[in-house]
Amino acid sequence: MTTTTTARRVALVTGGSGGIGRAVVERLAADGLAVVVHYAGNRAKAEALVDRVAAAGGEAIAVGGDVADEHAMAAAFDAAEAMLGGVDVVVNTAGIMLLSPIATLDLADLDRMHRTNVRGTFVVSQLAANRLRAGGALVNVSTSVTRTHFPTYGAYAASKAAVESLTPVLARELRGRDVTVNAVAPGPTATPLFLDGKDEQAVAALAKAAPLERLGTPEDIAEAVSFLAGPARWVNGQVLFVNGGLA
């Protein structure tokens with residue numbers, strides 16, 4: 001009698017200690033993947049998440065680095081390969097959101113968002129294109145504001161529109177590699193990134209905007225990521241709007 005063993009798949013989640021990132025890490029770990037929890041600055045928070053995954057029977061490591069720095073992110077992929085054997089799934093949740101009317105936006109804020117949301121996604125996507133194993137998946141993160149066009153979100157939506165544009169192009173460039181490239185576009189989701197600076201009235205109005213009449217949760221977004229990272233092998237080059245029917 002012979003037995004076969006299947007190596008555990010490995011996911012690298014950028015911004016893995018943040019709101020949506022944390023939920024994605026926990027969901028993919030529950031799905032049986034080993035997870036690389038990437039963090040930009042809060043090492044303690046990432047390591048605490050690694051400990052929670054381990055306590056639940058999963059496997060995880062923490063790696064730091066600026067997503068817009070190609071050398072730092074190459075080192076993150078190196079760590080994943082050295083410690084866990086390779087990378088099968090990459091999820092780009094790292095991002096920043098700075099809100100202002102276009103007419104009065106501080107251009108330094110535009111540059112900050114462009115560096116993290118556009119260059120950072122591009123850097124990690126480029127590395128994923130070269131280093132994901134066959135059967136792999138890259139999942140980028142956009143926003144439903146590319147459709148809803150809410151005031152004050154112009155610069156942020158523009159940065160995420162760039163993410164939506166590069167996603168299907170890369171899917172086509174990876175023809176023959178057995179690697180899917182998709183994006184999720186969350187609607188209003190109850191994370192610190194979303195809630196910061198909004199009063200109760202604004203949050204309540206956004207919660208009522210979708211037909212389901214609630215804010216999304218990080219777990220709602222993680223469920224969609226799990227689908228694209230695993231069973232959705234015939235979904236490729238798409239942007240999946242995860243927003244309760246908002247747009």
# chains A, B, ... in the order shown; residues from 1 in each chain; ligands from 1
>>> residues_around(residues="Asn236 in chain A", least_positions_apart="6", cutoff="8 Å", atoms="only C-alpha atoms", output="list in words")
Pro168, Ala171, Thr180, Val181 and Asn182 of chain A
>>> write_last_selection(atoms="C-alpha atoms", output="compact mmCIF listing (two decimals), in the first residue's frame")
# COMPACT_ATOMS: atom_id res chain seq x y z
CA PRO A 168 -6.72 41.56 -16.37
CA ALA A 171 -3.93 37.53 -16.28
CA THR A 180 -5.10 33.16 -12.08
CA VAL A 181 -5.11 36.93 -11.50
CA ASN A 182 -8.23 38.59 -10.12
>>> residues_around(residues="Asp69 in chain A", least_positions_apart="2", cutoff="10 Å", atoms="only C-alpha atoms", output="list in words")
Gly65, Asp66, Val67, His71, Ala72, Met73, Ala74, Arg115, Thr116, Arg119, Gly120, Val123 and Val124 of chain A
>>> closest_residue(among="A:Val89, A:Leu215, A:Ala205, A:Leu49", to="Val179 in chain A", atoms="only C-alpha atoms")
A:Val89
>>> residues_around(residues="Thr146 in chain A", least_positions_apart="2", cutoff="10 Å", atoms="only C-alpha atoms", output="list of chain:residue names")
A:Ser142, A:Thr143, A:Ser144, A:Thr148, A:His149, A:Phe150, A:Tyr153, A:Gly154, A:Tyr156, A:Ala157, A:Ala158, A:Ser159, A:Lys160, A:Ala161, A:Glu164, A:Ala185, A:Ala247
>>> select_by_dssp(residues="range 18-160 of chain A", states="alpha helix (DSSP H)", output="ChimeraX atom specification")
/A:19-30,43-55,70-84,107-113,121-131,145-148,154-160
>>> atom_distance(atom1="CA of Ala103 in chain A", atom2="CA of Leu195 in chain A")
23.1 Å
>>> closest_residue(among="A:Leu212, A:Ala155, A:Val10, A:Val203", to="Pro101 in chain A", atoms="only C-alpha atoms")
A:Ala155
>>> residues_around(residues="range 28-37 of chain A", least_positions_apart="6", cutoff="6 Å", atoms="only C-alpha atoms", output="list in words")
Arg9, Val10, Ala11, Leu12, Val13, Gly16, Gly58, Glu59, Ala60, Ile61 and Ala62 of chain A
>>> write_last_selection(atoms="N, CA, C and O atoms", output="compact mmCIF listing (two decimals), in the first residue's frame")
# COMPACT_ATOMS: atom_id res chain seq x y z
N ARG A 9 -0.32 24.27 0.59
CA ARG A 9 -0.20 25.49 -0.19
C ARG A 9 0.16 26.65 0.73
O ARG A 9 -0.15 26.63 1.91
N VAL A 10 0.81 27.65 0.14
CA VAL A 10 1.33 28.76 0.92
C VAL A 10 0.79 30.07 0.35
O VAL A 10 0.81 30.28 -0.87
N ALA A 11 0.30 30.93 1.23
CA ALA A 11 -0.22 32.24 0.82
C ALA A 11 0.60 33.35 1.46
O ALA A 11 0.94 33.29 2.65
N LEU A 12 0.91 34.37 0.67
CA LEU A 12 1.54 35.60 1.17
C LEU A 12 0.49 36.70 1.14
O LEU A 12 -0.07 37.00 0.08
N VAL A 13 0.18 37.27 2.29
CA VAL A 13 -0.84 38.31 2.39
C VAL A 13 -0.17 39.63 2.78
O VAL A 13 0.34 39.77 3.90
N GLY A 16 -1.07 42.03 6.03
CA GLY A 16 -1.77 40.92 6.66
C GLY A 16 -2.19 41.15 8.09
O GLY A 16 -3.00 40.37 8.61
N GLY A 58 -2.87 26.09 12.72
CA GLY A 58 -2.34 26.47 11.41
C GLY A 58 -0.85 26.74 11.46
O GLY A 58 -0.19 26.58 12.50
N GLU A 59 -0.33 27.18 10.33
CA GLU A 59 1.10 27.49 10.21
C GLU A 59 1.23 28.87 9.60
O GLU A 59 0.62 29.17 8.57
N ALA A 60 2.03 29.72 10.21
CA ALA A 60 2.21 31.09 9.72
C ALA A 60 3.55 31.63 10.15
O ALA A 60 4.11 31.20 11.16
N ILE A 61 4.05 32.58 9.37
CA ILE A 61 5.25 33.33 9.73
C ILE A 61 4.96 34.80 9.45
O ILE A 61 4.06 35.13 8.66
N ALA A 62 5.73 35.69 10.07
CA ALA A 62 5.58 37.13 9.83
C ALA A 62 6.81 37.65 9.10
O ALA A 62 7.93 37.25 9.40
>>> atom_distance(atom1="CA of Ala232 in chain A", atom2="CA of Glu26 in chain A")
19.0 Å
>>> atom_distance(atom1="CA of Arg233 in chain A", atom2="CA of Asn130 in chain A")
19.0 Å
